[in-house]
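These notes concern the structure reproduced below.
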Amino acid sequence: MIEPHAPAPPVRPPSWTAPARLPVRPGTGRFLVLVCVFVCAACGLVYELELVAFASYLIGDSVTQSSVVLSVMVFAMGVGSLGAKRLRWHAAAGFGAIETALALVGGCSAMALYAVFAWTGGWGGMWTEGPRCLLVAFSLAIGLLIGAEVPLLMELIQRIRRQDAGGAVADLFAADYVGALVGGLAFPFLLLPFFGQLTGALLTGTVNVVAGGALVLGLFRRDLTRRARWTLLLVGLTVLGVLASAAALAGDFERAARRAVYGDDVRVAVQTGVQEVVLTGGTHGRPLDLYLDGRLRVGGRDEHRYHEALVHPALSGGPHARVLILGGGDGLAAREVLRHRGVRRVDIVELDPGLVRLARHDPGLAATNGHAYADPRVHVTTADAFGWLRGAPARAYDVVIADLPDPGITASTKLYSQEFYGLARRTLAPDGRLVVHAGRLTTRRHVFWTVAATLRAAGFAVSPYRVLGQDSGFPAGPDRSAGESGAPHDWGFLLAAPGRTPPPLRLDPWHPHTLTQAGLAADGRAARRTWVAGLAASTLAHPRY
């Protein structure tokens, strides 16, 4: 005979599922948790944007860097969420530890990236990839920590007051998304312009550790043992001390890193709101170098070669009374244009007013550009070149000079598009010419001939040429970490005219110091020998650089 079993005694729920013992009412406690969700989401998005911005500045190619950071972080967030399940038994202590680690890693990430780039980026070999590897490592670590936040915060909310899963998730993600909005807006409009990338990241880390520590040690302190409370407090204070010390030393660190990158002769370093402008030399007989967002834009040892090759073939091919310079805020292209007696008006369209101010008033740069802005024929408009061309008068210029950043830089891609050249063609007189700086021909032939194909698609016939220059050892193209110093240094140009007949490469009887008719013809032949066939035009919807 089978005897019936006695009913099992009721199972007590685990202690980690019991209602939290709070020092405030449950409604107030729930509100405070949602406020912490809001703050943590804002900090998390700031870390993400800071990695994207700093990687784009240090490495280049913002599309690639954004894709790497976002994809790695989203993947890591999923892994972090899975890993956080093991911490649900100690949700309060786990959340405090995660926020402390996130504040330290995220707050110091910008400074660490800059340090690796400044002091090891020039070593060559495997060290060239150091910034990229560190970028992936930080994206992975920050993503793991951010992903672990949500399950623990959900557990803490449910411990305050049990709620259906759908309602709790809705409240949590509402606070999370609103915080992300605030963080996303605070980074470009508050942190970056007022604090800079280094101090802004450190300040974000400070807010992160204070918010996490206040929630755990203030609201859920009764869930922690005495030892856990003191450990979290001491570790949090240590992280705050590290962040505060780094913030106090950020200025000295940035100056030391800048010297490591640019050399000891840094004379001007300003963030204009559009870009970072650094000037080295330019006084006491030293050659002036101009860097824009870390890329060499003007090399004092051979900038005459570049600007003479850019300007004089275009002005020698026909009428040149009315000249438009797109970019060229440094005034150096204008200096060469003004050497032609037939010039009556020069219009410069430059995006960065800070660069124009330096070109007017900095003694080194103003002397290098021959005080071009003091000439009454020169007129400056601060505007985006693409937008300005859309409202420019038709057939208003004999020559258009596109003195723009490298076509491989993401922000410049639209300035090398078929649409852009179509607008430029509309502003040209019937016998006008357009000259374009199309990057390095030796190492980036595909890009150079893509620019040529784009000009042809816009209705131009082109004459290519290139000019050799001295290698500065500092990358001028889109990728700041590329070790190109071993390749011959040159500049590639395209002289274009509306129609099907390529404009001739010739110089007026008066010719510049570094360029001769025979040399220009040889440079044209050398450029044509590098031709790459079958390339499609680059457009706004389908950039090909």
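Going through the structure tokens in order, the chains are called A, B, and so on, while each chain numbers its residues from 1 and the ligands are numbered from 1 in the order shown.
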
Picked from segment 310-436 of chain A by DSSP as strand (DSSP E or B), as a ChimeraX atom specification: /A:322-327,345-350,378-382,397-403,428-436

Keeping only C-alpha atoms, write those residues as a tab-separated table (two decimals), in the first residue's frame.
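Dumped everything to out_21.tsv:
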chain	number	residue	atom	x	y	z
A	322	ARG	CA	36.95	87.46	-61.22
A	323	VAL	CA	38.25	84.64	-59.01
A	324	LEU	CA	36.40	82.50	-56.47
A	325	ILE	CA	38.35	80.54	-53.83
A	326	LEU	CA	36.42	77.80	-52.04
A	327	GLY	CA	38.19	77.14	-48.76
A	345	ARG	CA	38.03	90.74	-57.42
A	346	VAL	CA	38.73	87.71	-55.25
A	347	ASP	CA	35.89	86.11	-53.28
A	348	ILE	CA	36.87	83.64	-50.54
A	349	VAL	CA	34.24	81.29	-49.10
A	350	GLU	CA	35.59	79.81	-45.87
A	378	VAL	CA	39.67	90.40	-51.40
A	379	HIS	CA	36.18	89.74	-50.00
A	380	VAL	CA	35.48	86.99	-47.45
A	381	THR	CA	32.24	85.13	-46.81
A	382	THR	CA	31.93	82.75	-43.86
A	397	TYR	CA	33.59	83.95	-62.15
A	398	ASP	CA	36.39	83.36	-64.60
A	399	VAL	CA	38.25	80.99	-62.28
A	400	VAL	CA	37.09	78.83	-59.37
A	401	ILE	CA	39.80	77.43	-57.09
A	402	ALA	CA	38.77	74.53	-54.82
A	403	ASP	CA	41.37	74.67	-52.03
A	428	LEU	CA	31.70	79.81	-64.23
A	429	ALA	CA	31.78	81.98	-67.31
A	430	PRO	CA	31.64	80.03	-70.60
A	431	ASP	CA	35.44	80.13	-70.94
A	432	GLY	CA	36.07	79.71	-67.20
A	433	ARG	CA	38.27	77.16	-65.44
A	434	LEU	CA	38.00	75.15	-62.25
A	435	VAL	CA	41.04	73.76	-60.45
A	436	VAL	CA	40.70	71.08	-57.78

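Within 9 Å of Tyr291 of chain A, once only C-alpha atoms are used and residues closer than 4 positions along the same chain are dropped, the contacting residues are Tyr262, Glu276, Val277, Val278, Leu279, Thr280, Arg295, Leu296, Arg297, Val298, Gly299 and Ala476 of chain A.
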
Could you list, with a cut-off of 12 Å and counting only C-alpha atoms, the residues of segment 145-184 of chain A near segment 207-218 of chain A, each shown with its nearest atom pair and the distance in Å rounded to one decimal, rows sorted by chain and ascending number, as JSON lines?
{"residue": "A:Ile146", "atom": "CA", "partner": "A:Asn208", "partner_atom": "CA", "distance": 11.4}
{"residue": "A:Glu149", "atom": "CA", "partner": "A:Gly212", "partner_atom": "CA", "distance": 10.3}
{"residue": "A:Leu152", "atom": "CA", "partner": "A:Val216", "partner_atom": "CA", "distance": 11.5}
{"residue": "A:Leu153", "atom": "CA", "partner": "A:Leu215", "partner_atom": "CA", "distance": 10.6}
{"residue": "A:Leu156", "atom": "CA", "partner": "A:Val216", "partner_atom": "CA", "distance": 9.9}
{"residue": "A:Ile157", "atom": "CA", "partner": "A:Leu215", "partner_atom": "CA", "distance": 11.8}
{"residue": "A:Gly183", "atom": "CA", "partner": "A:Val207", "partner_atom": "CA", "distance": 11.8}

Can you spit out the residues from that selection as a tab-separated table (two decimals), in the first residue's frame, using N, CA, C and O atoms?
chain	number	residue	atom	x	y	z
A	146	ILE	N	27.71	49.11	-19.61
A	146	ILE	CA	26.40	49.74	-19.85
A	146	ILE	C	25.33	48.66	-19.98
A	146	ILE	O	24.21	48.80	-19.47
A	149	GLU	N	23.93	47.36	-16.72
A	149	GLU	CA	23.13	48.27	-15.88
A	149	GLU	C	21.65	47.91	-15.89
A	149	GLU	O	20.99	47.89	-14.85
A	152	LEU	N	20.12	44.98	-13.71
A	152	LEU	CA	20.23	45.27	-12.28
A	152	LEU	C	19.27	46.38	-11.87
A	152	LEU	O	18.65	46.31	-10.80
A	153	LEU	N	19.14	47.40	-12.71
A	153	LEU	CA	18.18	48.46	-12.40
A	153	LEU	C	16.75	47.91	-12.42
A	153	LEU	O	15.91	48.32	-11.60
A	156	LEU	N	16.21	46.22	-9.14
A	156	LEU	CA	16.04	47.17	-8.04
A	156	LEU	C	14.66	47.81	-8.07
A	156	LEU	O	14.02	48.01	-7.02
A	157	ILE	N	14.16	48.12	-9.24
A	157	ILE	CA	12.82	48.71	-9.35
A	157	ILE	C	11.77	47.71	-8.86
A	157	ILE	O	10.83	48.06	-8.12
A	183	GLY	N	21.95	63.39	-22.90
A	183	GLY	CA	23.38	63.19	-23.07
A	183	GLY	C	23.85	63.48	-24.49
A	183	GLY	O	24.91	64.08	-24.70

Which of segment 276-375 of chain A fall in alpha helix (DSSP H), as JSON, numbers by chain: {"A": [303, 304, 305, 306, 307, 308, 309, 310, 311, 312, 313, 314, 315, 332, 333, 334, 335, 336, 337, 353, 354, 355, 356, 357, 358, 359, 360, 361, 363, 364, 365, 366, 367, 368]}

As a compact mmCIF listing (two decimals) with N, CA and C atoms, in the first residue's frame, please: the residues near Arg529 of chain A (cut-off 12 Å, only C-alpha atoms, same-chain neighbours under 6 positions excluded).
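Result written to result-v5.txt:
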# COMPACT_ATOMS: atom_id res chain seq x y z
N LEU A 441 48.50 61.70 -55.28
CA LEU A 441 48.35 60.84 -56.45
C LEU A 441 49.16 59.56 -56.29
N THR A 442 50.32 59.63 -55.68
CA THR A 442 51.20 58.47 -55.59
C THR A 442 50.56 57.34 -54.78
N ARG A 445 45.76 56.77 -55.87
CA ARG A 445 45.38 56.95 -57.27
C ARG A 445 43.88 56.76 -57.48
N TRP A 449 41.55 59.65 -59.37
CA TRP A 449 40.85 59.45 -60.64
C TRP A 449 39.34 59.33 -60.46
N PRO A 464 44.92 66.46 -65.87
CA PRO A 464 45.54 66.13 -64.58
C PRO A 464 47.00 66.56 -64.55
N TYR A 465 47.49 66.86 -63.36
CA TYR A 465 48.91 67.09 -63.16
C TYR A 465 49.21 66.89 -61.68
N ARG A 466 50.47 66.71 -61.39
CA ARG A 466 50.89 66.54 -60.00
C ARG A 466 52.20 67.26 -59.78
N ALA A 522 55.74 68.11 -67.84
CA ALA A 522 56.24 66.81 -67.36
C ALA A 522 55.34 66.28 -66.24
N ASP A 523 54.89 67.17 -65.37
CA ASP A 523 54.00 66.75 -64.28
C ASP A 523 52.66 66.26 -64.83

All residues 12 Å or closer to Gly167 of chain A, only C-alpha atoms, same chain fewer than 6 positions away omitted, as a list of chain:residue names: A:Met154, A:Ile157, A:Gln158, A:Arg161, A:Phe173, A:Ala174

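Proximity to Val532 of chain A was assessed for A:Thr450, A:Ser66, A:Thr501, A:Gln517 counting only C-alpha atoms; the smallest distance is recorded for A:Thr450.
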
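Here the question is which of A:Gly251, A:Gly236, A:Pro503, A:Gly107 gets nearest to Gly200 of chain A using only C-alpha atoms, and that residue is A:Gly107.
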